[in-house]
file run.cif (mmCIF, C-alpha atoms)
data_coords
loop_
_atom_site.label_atom_id
_atom_site.label_comp_id
_atom_site.auth_asym_id
_atom_site.auth_seq_id
_atom_site.Cartn_x
_atom_site.Cartn_y
_atom_site.Cartn_z
CA MET W 1 0.00 0.00 0.00
CA GLY W 2 2.94 2.33 0.34
CA SER W 3 3.63 4.78 3.14
CA SER W 4 0.62 7.04 2.53
CA GLU W 5 -1.98 7.02 5.30
CA PRO W 6 -5.72 7.08 4.55
CA TYR W 7 -7.31 10.51 4.81
CA LYS W 8 -10.79 11.97 5.22
CA ALA W 9 -12.48 11.48 1.85
CA ARG W 10 -14.97 13.91 0.36
CA LEU W 11 -18.60 12.83 0.28
CA LEU W 12 -19.71 11.01 -2.85
CA SER W 13 -23.44 10.41 -3.19
CA VAL W 14 -26.34 9.60 -5.48
CA GLN W 15 -27.52 13.07 -6.44
CA SER W 16 -31.31 12.61 -6.63
CA ALA W 17 -33.26 11.59 -3.53
CA GLY W 18 -35.16 8.33 -3.93
CA VAL W 19 -36.26 5.47 -1.70
CA GLY W 20 -33.32 3.98 0.17
CA VAL W 21 -32.06 2.06 3.18
CA ALA W 22 -31.33 4.14 6.29
CA GLY W 23 -27.67 5.10 6.58
CA ARG W 24 -25.42 8.16 6.52
CA ARG W 25 -24.74 9.08 2.90
CA GLY W 26 -27.10 10.88 0.50
CA ARG W 27 -30.68 12.14 0.93
CA ALA W 28 -33.39 9.52 0.53
CA VAL W 29 -36.88 8.53 1.58
CA THR W 30 -36.19 6.12 4.46
CA GLU W 31 -37.88 4.54 7.49
CA VAL W 32 -36.41 7.20 9.78
CA GLY W 33 -35.89 10.94 9.47
CA ARG W 34 -38.03 14.07 9.34
CA VAL W 35 -41.59 13.87 8.01
CA VAL W 36 -41.83 15.58 4.60
CA GLY W 37 -45.28 14.44 3.47
CA ASP W 38 -47.74 11.59 3.30
CA ARG W 39 -48.80 8.90 0.85
CA ALA W 40 -51.47 6.25 0.37
CA ARG W 41 -51.02 2.93 2.10
CA VAL W 42 -50.76 -0.07 -0.21
CA GLY W 43 -52.94 -2.93 1.03
CA ARG W 44 -52.03 -3.86 4.61
CA GLU W 45 -48.60 -2.25 4.33
CA PRO W 46 -47.13 -1.51 7.76
CA GLY W 47 -45.90 1.93 8.65
CA ARG W 48 -46.44 4.92 10.89
CA PRO W 49 -49.70 6.73 10.01
CA HIS W 50 -49.60 10.39 9.06
CA VAL W 51 -52.37 11.74 11.32
CA LEU W 52 -53.10 15.01 9.52
CA GLY W 53 -53.10 13.31 6.12
CA THR W 54 -55.42 10.58 7.37
CA VAL W 55 -57.86 13.10 8.87
CA ARG W 56 -57.80 15.17 5.69
CA ASN W 57 -58.50 12.04 3.65
CA ALA W 58 -61.42 10.90 5.85
CA ALA W 59 -63.09 14.29 6.46
CA PRO W 60 -65.03 14.66 3.15
CA HIS W 61 -66.81 11.31 3.70
CA GLN W 62 -68.31 11.91 7.17
CA LYS W 63 -71.85 12.73 6.01
CA VAL W 64 -72.01 9.67 3.76
CA ARG W 65 -70.76 7.51 6.61
CA GLY W 66 -73.55 8.78 8.87
CA ARG W 67 -71.50 10.64 11.48
CA THR W 68 -73.75 12.83 13.62
CA GLY W 69 -71.72 13.43 16.75
CA PRO W 70 -68.15 14.33 17.67
CA GLY W 71 -65.16 12.33 16.47
CA LEU W 72 -64.32 11.07 13.02
CA VAL W 73 -65.30 7.90 11.19
CA VAL W 74 -62.06 6.57 9.72
CA ARG W 75 -61.85 3.61 7.36
CA ALA W 76 -58.78 1.58 6.46
CA ALA W 77 -58.74 3.18 3.00
CA ASP W 78 -58.35 6.64 4.63
CA VAL W 79 -55.05 5.85 6.30
CA ARG W 80 -52.07 7.77 4.93
CA LEU W 81 -48.52 6.83 5.83
CA ALA W 82 -45.84 9.33 6.77
CA VAL W 83 -43.11 9.96 4.21
CA ARG W 84 -39.78 10.51 5.93
CA GLU W 85 -36.59 11.89 4.47
CA GLY W 86 -33.28 10.99 6.02
CA ARG W 87 -29.89 9.70 4.95
CA GLU W 88 -29.37 6.45 3.12
CA GLY W 89 -26.75 3.73 2.98
CA ASN W 90 -25.71 2.82 -0.55
CA LEU W 91 -24.00 0.00 -2.36
CA VAL W 92 -20.69 1.61 -3.33
CA LEU W 93 -19.17 -0.49 -6.11
CA PHE W 94 -15.56 0.30 -6.96
CA CYS W 95 -14.52 -0.53 -10.52
CA VAL W 96 -10.73 -0.25 -10.48
CA ASP W 97 -8.28 -0.12 -13.38
CA ALA W 98 -5.35 -2.33 -12.36
CA SER W 99 -3.62 -2.31 -15.75
CA GLY W 100 -0.10 -1.22 -16.56
CA SER W 101 -1.32 2.13 -17.95
CA MET W 102 -2.01 3.30 -14.41
CA GLY W 103 1.61 4.33 -14.18
CA THR W 104 4.33 3.87 -11.63
CA LYS W 105 4.24 1.91 -8.40
CA LYS W 106 4.06 5.22 -6.55
CA ARG W 107 1.03 6.32 -8.56
CA MET W 108 -0.76 3.04 -7.92
CA ALA W 109 -0.03 3.42 -4.19
CA GLU W 110 -1.74 6.83 -4.33
CA VAL W 111 -4.73 5.26 -6.07
CA LYS W 112 -5.01 2.51 -3.43
CA THR W 113 -4.76 5.05 -0.62
CA ALA W 114 -7.59 7.07 -2.16
CA ILE W 115 -9.78 3.97 -2.46
CA VAL W 116 -9.01 2.87 1.11
CA SER W 117 -10.00 6.36 2.27
CA LEU W 118 -13.31 6.04 0.41
CA LEU W 119 -13.82 2.55 1.85
CA LEU W 120 -13.37 3.86 5.39
CA ASP W 121 -15.87 6.59 4.61
CA ALA W 122 -18.28 3.90 3.36
CA TYR W 123 -17.91 2.02 6.65
CA GLN W 124 -18.82 5.13 8.62
CA ARG W 125 -21.86 5.74 6.41
CA ARG W 126 -23.24 2.18 6.78
CA ASP W 127 -22.77 1.29 3.12
CA THR W 128 -22.15 -2.06 1.57
CA VAL W 129 -19.19 -2.19 -0.80
CA GLY W 130 -18.00 -4.26 -3.73
CA LEU W 131 -14.87 -4.38 -5.86
CA VAL W 132 -14.47 -5.09 -9.58
CA THR W 133 -11.00 -4.92 -11.12
CA PHE W 134 -9.86 -5.08 -14.73
CA ALA W 135 -6.42 -5.71 -16.22
CA GLY W 136 -4.83 -7.84 -18.91
CA ALA W 137 -7.64 -9.43 -20.93
CA THR W 138 -10.33 -9.82 -18.28
CA SER W 139 -12.32 -8.21 -15.50
CA THR W 140 -12.77 -9.82 -12.09
CA VAL W 141 -15.28 -9.52 -9.29
CA ALA W 142 -12.63 -9.24 -6.58
CA LEU W 143 -15.32 -8.82 -3.92
CA PRO W 144 -19.10 -9.24 -4.31
CA PRO W 145 -21.19 -6.67 -2.40
CA THR W 146 -20.57 -7.05 1.33
CA GLY W 147 -20.82 -5.15 4.58
CA SER W 148 -17.22 -6.05 5.41
CA VAL W 149 -15.08 -3.06 4.53
CA GLU W 150 -12.10 -4.82 6.14
CA THR W 151 -12.34 -7.58 3.51
CA ALA W 152 -12.46 -4.98 0.74
CA VAL W 153 -9.31 -3.31 2.08
CA ARG W 154 -7.49 -6.67 2.20
CA ARG W 155 -8.50 -7.51 -1.37
CA LEU W 156 -7.32 -4.10 -2.51
CA GLU W 157 -3.96 -4.47 -0.77
CA SER W 158 -3.27 -7.75 -2.61
CA LEU W 159 -4.48 -6.43 -5.97
CA PRO W 160 -2.06 -7.43 -8.77
CA THR W 161 -1.40 -4.80 -11.42
CA GLY W 162 -0.05 -4.73 -14.97
CA GLY W 163 -0.96 -5.66 -18.52
CA ARG W 164 -3.39 -4.20 -21.00
CA THR W 165 -6.61 -2.33 -20.17
CA PRO W 166 -9.94 -4.11 -20.82
CA LEU W 167 -11.99 -1.05 -19.90
CA ALA W 168 -15.21 -2.09 -21.66
CA GLU W 169 -15.08 -5.48 -19.98
CA GLY W 170 -14.65 -3.82 -16.58
CA LEU W 171 -17.69 -1.60 -17.10
CA LEU W 172 -19.86 -4.50 -18.28
CA GLN W 173 -18.74 -6.61 -15.32
CA ALA W 174 -19.69 -3.77 -12.96
CA ALA W 175 -23.09 -3.51 -14.66
CA ASP W 176 -23.69 -7.23 -14.10
CA VAL W 177 -22.77 -6.96 -10.40
CA LEU W 178 -25.22 -4.07 -10.01
CA ARG W 179 -27.95 -6.01 -11.82
CA ILE W 180 -27.66 -8.95 -9.42
CA ALA W 181 -27.41 -6.64 -6.40
CA ALA W 182 -30.63 -4.86 -7.41
CA ILE W 183 -32.48 -8.19 -7.36
CA ARG W 184 -31.11 -9.15 -3.93
CA ASP W 185 -31.43 -5.75 -2.25
CA PRO W 186 -33.65 -3.46 -4.37
CA ARG W 187 -33.90 -0.68 -1.75
CA ARG W 188 -30.14 -0.14 -1.50
CA ARG W 189 -29.34 2.30 -4.26
CA PRO W 190 -25.99 1.83 -6.04
CA LEU W 191 -23.15 4.26 -6.56
CA LEU W 192 -20.49 3.19 -9.07
CA VAL W 193 -17.01 4.61 -8.51
CA LEU W 194 -14.85 4.10 -11.60
CA VAL W 195 -11.13 4.57 -10.89
CA THR W 196 -9.15 4.79 -14.13
CA ASP W 197 -6.94 6.91 -16.36
CA GLY W 198 -9.48 6.31 -19.14
CA ARG W 199 -7.21 4.36 -21.47
CA ALA W 200 -8.52 1.22 -23.17
CA THR W 201 -6.02 -1.05 -24.91
CA HIS W 202 -7.49 -4.56 -24.99
CA GLY W 203 -9.17 -5.80 -28.16
CA ASP W 204 -10.33 -4.07 -31.32
CA ASN W 205 -11.84 -0.58 -31.05
CA ALA W 206 -11.15 -0.72 -27.32
CA PHE W 207 -12.02 2.86 -26.39
CA ALA W 208 -15.08 2.96 -28.66
CA ARG W 209 -16.40 -0.19 -26.97
CA ALA W 210 -15.72 1.36 -23.57
CA ARG W 211 -17.68 4.47 -24.51
CA GLN W 212 -20.52 2.29 -25.76
CA ALA W 213 -20.59 0.42 -22.43
CA ALA W 214 -20.53 3.76 -20.59
CA GLY W 215 -23.50 5.01 -22.59
CA TRP W 216 -25.39 1.81 -21.82
CA LEU W 217 -24.83 2.34 -18.07
CA ALA W 218 -25.92 5.97 -18.35
CA GLN W 219 -29.17 4.99 -20.07
CA ARG W 220 -29.96 2.74 -17.13
CA GLY W 221 -29.54 5.62 -14.71
CA VAL W 222 -26.55 4.22 -12.82
CA ALA W 223 -25.16 6.99 -10.59
CA THR W 224 -21.42 7.11 -11.23
CA VAL W 225 -18.33 8.99 -10.12
CA VAL W 226 -15.21 8.84 -12.30
CA VAL W 227 -11.91 9.29 -10.47
CA ASP W 228 -9.28 10.28 -13.04
CA CYS W 229 -5.87 8.75 -12.30
CA GLU W 230 -4.03 10.11 -15.34
CA PRO W 231 -0.66 11.56 -14.22
CA HIS W 232 -0.28 15.33 -14.49
CA ARG W 233 3.17 15.19 -16.00
CA GLY W 234 3.53 15.31 -19.80
CA VAL W 235 0.66 15.43 -22.27
CA ARG W 236 -2.74 14.58 -20.76
CA LEU W 237 -5.18 12.76 -23.04
CA GLY W 238 -8.30 13.54 -21.01
CA LEU W 239 -9.89 10.17 -21.77
CA ALA W 240 -11.37 9.72 -18.28
CA ALA W 241 -13.19 13.04 -18.67
CA GLU W 242 -14.68 11.83 -21.97
CA LEU W 243 -15.78 8.65 -20.27
CA ALA W 244 -17.37 10.64 -17.44
CA SER W 245 -19.38 12.57 -20.01
CA ASP W 246 -20.62 9.33 -21.60
CA LEU W 247 -21.55 7.99 -18.16
CA ARG W 248 -23.22 11.31 -17.17
CA ALA W 249 -21.03 10.98 -14.13
CA GLU W 250 -19.47 13.29 -11.60
CA TYR W 251 -15.81 13.77 -12.56
CA LEU W 252 -12.99 14.04 -10.03
CA ASP W 253 -9.27 14.19 -10.36
CA LEU W 254 -7.51 11.76 -8.03
CA GLY W 255 -6.28 14.69 -5.95
CA ASP W 256 -9.86 15.86 -5.35
CA VAL W 257 -10.87 12.71 -3.46
CA ALA W 258 -9.53 14.23 -0.25
CA ALA W 259 -12.14 16.28 1.63
CA GLY W 260 -9.60 19.06 2.09
CA ASN W 261 -9.55 19.66 -1.66
CA LEU W 262 -13.31 20.08 -1.93
CA VAL W 263 -13.24 23.90 -2.00
CA ARG W 264 -10.69 23.88 -4.82
CA ALA W 265 -12.74 21.36 -6.81
CA VAL W 266 -15.94 23.41 -6.46
CA THR W 267 -14.14 26.64 -7.39
CA GLU W 268 -12.68 25.07 -10.52
CA ARG W 269 -16.07 23.64 -11.52
CA LYS W 270 -17.76 27.04 -11.14
CA ALA W 271 -15.03 28.67 -13.24
CA ALA W 272 -15.53 26.06 -15.95
#
call {"tool": "encode", "arguments": {"input": "run.cif", "output": "structure tokens"}}
result
Amino acid sequence: MGSSEPYKARLLSVQSAGVGVAGRRGRAVTEVGRVVGDRARVGREPGRPHVLGTVRNAAPHQKVRGRTGPGLVVRAADVRLAVREGREGNLVLFCVDASGSMGTKKRMAEVKTAIVSLLLDAYQRRDTVGLVTFAGATSTVALPPTGSVETAVRRLESLPTGGRTPLAEGLLQAADVLRIAAIRDPRRRPLLVLVTDGRATHGDNAFARARQAAGWLAQRGVATVVVDCEPHRGVRLGLAAELASDLRAEYLDLGDVAAGNLVRAVTERKAA
């Protein structure tokens, strides 16, 4: 892992608030949190009633129901459930480029430190995590989605690197992991974190196939963050930024993963 110590990572989250599992990451409609509205109950669905909403729903029917005295005649169909907004726990799936194009041993150590920092942040936010890697001619599910961040860190530490870059294969493997996870745990919304320099060198039309896979993920609404690991020295190709555009993803330079660099990242984005 090198000598670098993990640091406080900036918050990555699914941008739009949907229905999620209670945790400590992005906004979501969860079982706990502040009441923001009410909704109809489906069948015998359990949940905490929203009193005002239920009264409002029952009030117009009192004459028809024959009420003549005080109180309110409430039927099961009148019951409204409280809608609560809190913080959710996500499935954070790391898709990591472990190919030789990722540069020197020192650069790869920086990449691993950044990912470990994000993994520790995931632990604190009650996320589940998974790890897909790609290098040589194949992609690998190094760790299926799990609540064990310690296992993810160990798998990352022993990650072999080198060879060509099967970027398209990595993206498609990540998509398959997310598909299976959605079946097993549909309320835990996914966040894909793609860590790469954006190069694709395995197979014919490698980068075009990678962009096609990225567009396919974007069409399916997969929330994604691209962490660009291209070195700053020499000529920069900007391929990871192109990929982020295809994915409709948030784009970060590797140096912007640290929470301390958040102000600089926001300032640069506003200037752009």
call {"tool": "closest_residue", "arguments": {"input": "run.cif", "among": "W:Leu171, W:Val195, W:Ala137, W:Ala249", "to": "W:Val111", "atoms": "only C-alpha atoms"}}
result
W:Val195
call {"tool": "closest_residue", "arguments": {"input": "run.cif", "among": "W:Gln219, W:Asn90, W:Thr224, W:Ser99", "to": "W:Ala135", "atoms": "only C-alpha atoms"}}
result
W:Ser99
call {"tool": "closest_residue", "arguments": {"input": "run.cif", "among": "W:Ile115, W:Met102, W:Ala258, W:Leu167", "to": "W:Thr201", "atoms": "all atoms listed in the file"}}
result
W:Leu167
call {"tool": "residues_around", "arguments": {"input": "run.cif", "residues": "stretch 45-50 of chain W", "least_positions_apart": "4", "cutoff": "7 Å", "atoms": "only C-alpha atoms", "output": "mmCIF file with C-alpha atoms, keeping the file's coordinate frame"}}
result
data_model
loop_
_atom_site.group_PDB
_atom_site.id
_atom_site.type_symbol
_atom_site.label_atom_id
_atom_site.label_comp_id
_atom_site.auth_asym_id
_atom_site.auth_seq_id
_atom_site.Cartn_x
_atom_site.Cartn_y
_atom_site.Cartn_z
ATOM 1 C CA ASP W 38 -47.740 11.590 3.300
ATOM 2 C CA ARG W 41 -51.020 2.930 2.100
ATOM 3 C CA THR W 54 -55.420 10.580 7.370
ATOM 4 C CA VAL W 79 -55.050 5.850 6.300
ATOM 5 C CA ARG W 80 -52.070 7.770 4.930
ATOM 6 C CA LEU W 81 -48.520 6.830 5.830
ATOM 7 C CA ALA W 82 -45.840 9.330 6.770
#
call {"tool": "residues_around", "arguments": {"input": "run.cif", "residues": "W:Leu93", "least_positions_apart": "6", "cutoff": "6 Å", "atoms": "all atoms listed in the file", "output": "list of chain:residue names"}}
result
W:Val129, W:Gly130, W:Leu131, W:Leu192
call {"tool": "atom_distance", "arguments": {"input": "run.cif", "atom1": "atom CA of W:Val149", "atom2": "atom CA of W:Pro186"}}
result
20.6 Å
call {"tool": "closest_residue", "arguments": {"input": "run.cif", "among": "W:Arg189, W:Arg39, W:Arg233, W:Arg126", "to": "W:Val83", "atoms": "only C-alpha atoms"}}
result
W:Arg39
call {"tool": "resolve_selection", "arguments": {"input": "run.cif", "expression": "the PyMOL selection byres ((chain W and resi 179) around 12)", "output": "list of chain:residue names"}}
result
W:Leu91, W:Leu93, W:Pro145, W:Leu172, W:Gln173, W:Ala174, W:Ala175, W:Asp176, W:Val177, W:Leu178, W:Ile180, W:Ala181, W:Ala182, W:Ile183, W:Arg184, W:Asp185, W:Pro186, W:Arg189, W:Pro190, W:Leu217, W:Arg220, W:Val222
call {"tool": "closest_residue", "arguments": {"input": "run.cif", "among": "W:Gly255, W:Gly221, W:Gly37, W:Gly170", "to": "W:Ala9", "atoms": "only C-alpha atoms"}}
result
W:Gly255
call {"tool": "atom_distance", "arguments": {"input": "run.cif", "atom1": "atom CA of W:Thr161", "atom2": "atom CA of W:Ala218"}}
result
27.7 Å
call {"tool": "atom_distance", "arguments": {"input": "run.cif", "atom1": "atom CA of W:Val141", "atom2": "atom CA of W:Gln124"}}
result
23.4 Å
call {"tool": "resolve_selection", "arguments": {"input": "run.cif", "expression": "the PyMOL selection byres ((chain W and resi 121) around 10)", "output": "count of residues only"}}
result
21
call {"tool": "closest_residue", "arguments": {"input": "run.cif", "among": "W:Val73, W:Gly215, W:Ser139, W:Leu191", "to": "W:Ala59", "atoms": "only C-alpha atoms"}}
result
W:Val73
call {"tool": "residues_near_point", "arguments": {"input": "run.cif", "point": "(-3.4, 2.2, -1.8)", "cutoff": "12 Å", "atoms": "all atoms listed in the file", "output": "PyMOL selection string"}}
result
chain W and resi 1-7+96+98+105-119+152-160
call {"tool": "write_last_selection", "arguments": {"input": "run.cif", "atoms": "C-alpha atoms", "output": "short mmCIF file (atom, residue, chain, number, x, y, z; two decimals), in the coordinates of the input"}}
result
data_model
loop_
_atom_site.label_atom_id
_atom_site.label_comp_id
_atom_site.auth_asym_id
_atom_site.auth_seq_id
_atom_site.Cartn_x
_atom_site.Cartn_y
_atom_site.Cartn_z
CA MET W 1 0.00 0.00 0.00
CA GLY W 2 2.94 2.33 0.34
CA SER W 3 3.63 4.78 3.14
CA SER W 4 0.62 7.04 2.53
CA GLU W 5 -1.98 7.02 5.30
CA PRO W 6 -5.72 7.08 4.55
CA TYR W 7 -7.31 10.51 4.81
CA VAL W 96 -10.73 -0.25 -10.48
CA ALA W 98 -5.35 -2.33 -12.36
CA LYS W 105 4.24 1.91 -8.40
CA LYS W 106 4.06 5.22 -6.55
CA ARG W 107 1.03 6.32 -8.56
CA MET W 108 -0.76 3.04 -7.92
CA ALA W 109 -0.03 3.42 -4.19
CA GLU W 110 -1.74 6.83 -4.33
CA VAL W 111 -4.73 5.26 -6.07
CA LYS W 112 -5.01 2.51 -3.43
CA THR W 113 -4.76 5.05 -0.62
CA ALA W 114 -7.59 7.07 -2.16
CA ILE W 115 -9.78 3.97 -2.46
CA VAL W 116 -9.01 2.87 1.11
CA SER W 117 -10.00 6.36 2.27
CA LEU W 118 -13.31 6.04 0.41
CA LEU W 119 -13.82 2.55 1.85
CA ALA W 152 -12.46 -4.98 0.74
CA VAL W 153 -9.31 -3.31 2.08
CA ARG W 154 -7.49 -6.67 2.20
CA ARG W 155 -8.50 -7.51 -1.37
CA LEU W 156 -7.32 -4.10 -2.51
CA GLU W 157 -3.96 -4.47 -0.77
CA SER W 158 -3.27 -7.75 -2.61
CA LEU W 159 -4.48 -6.43 -5.97
CA PRO W 160 -2.06 -7.43 -8.77
#
call {"tool": "residues_around", "arguments": {"input": "run.cif", "residues": "stretch 236-243 of chain W", "least_positions_apart": "6", "cutoff": "7 Å", "atoms": "only C-alpha atoms", "output": "short mmCIF file (atom, residue, chain, number, x, y, z; two decimals) with C-alpha atoms, keeping the file's coordinate frame"}}
result
data_model
loop_
_atom_site.label_atom_id
_atom_site.label_comp_id
_atom_site.auth_asym_id
_atom_site.auth_seq_id
_atom_site.Cartn_x
_atom_site.Cartn_y
_atom_site.Cartn_z
CA THR W 196 -9.15 4.79 -14.13
CA ASP W 197 -6.94 6.91 -16.36
CA GLY W 198 -9.48 6.31 -19.14
CA ARG W 199 -7.21 4.36 -21.47
CA ARG W 211 -17.68 4.47 -24.51
CA ALA W 214 -20.53 3.76 -20.59
CA ASP W 228 -9.28 10.28 -13.04
CA TYR W 251 -15.81 13.77 -12.56
#
call {"tool": "resolve_selection", "arguments": {"input": "run.cif", "expression": "the PyMOL selection byres ((chain W and resi 58) around 12)", "output": "PyMOL selection string"}}
result
chain W and resi 51-57+59-65+67+71-80
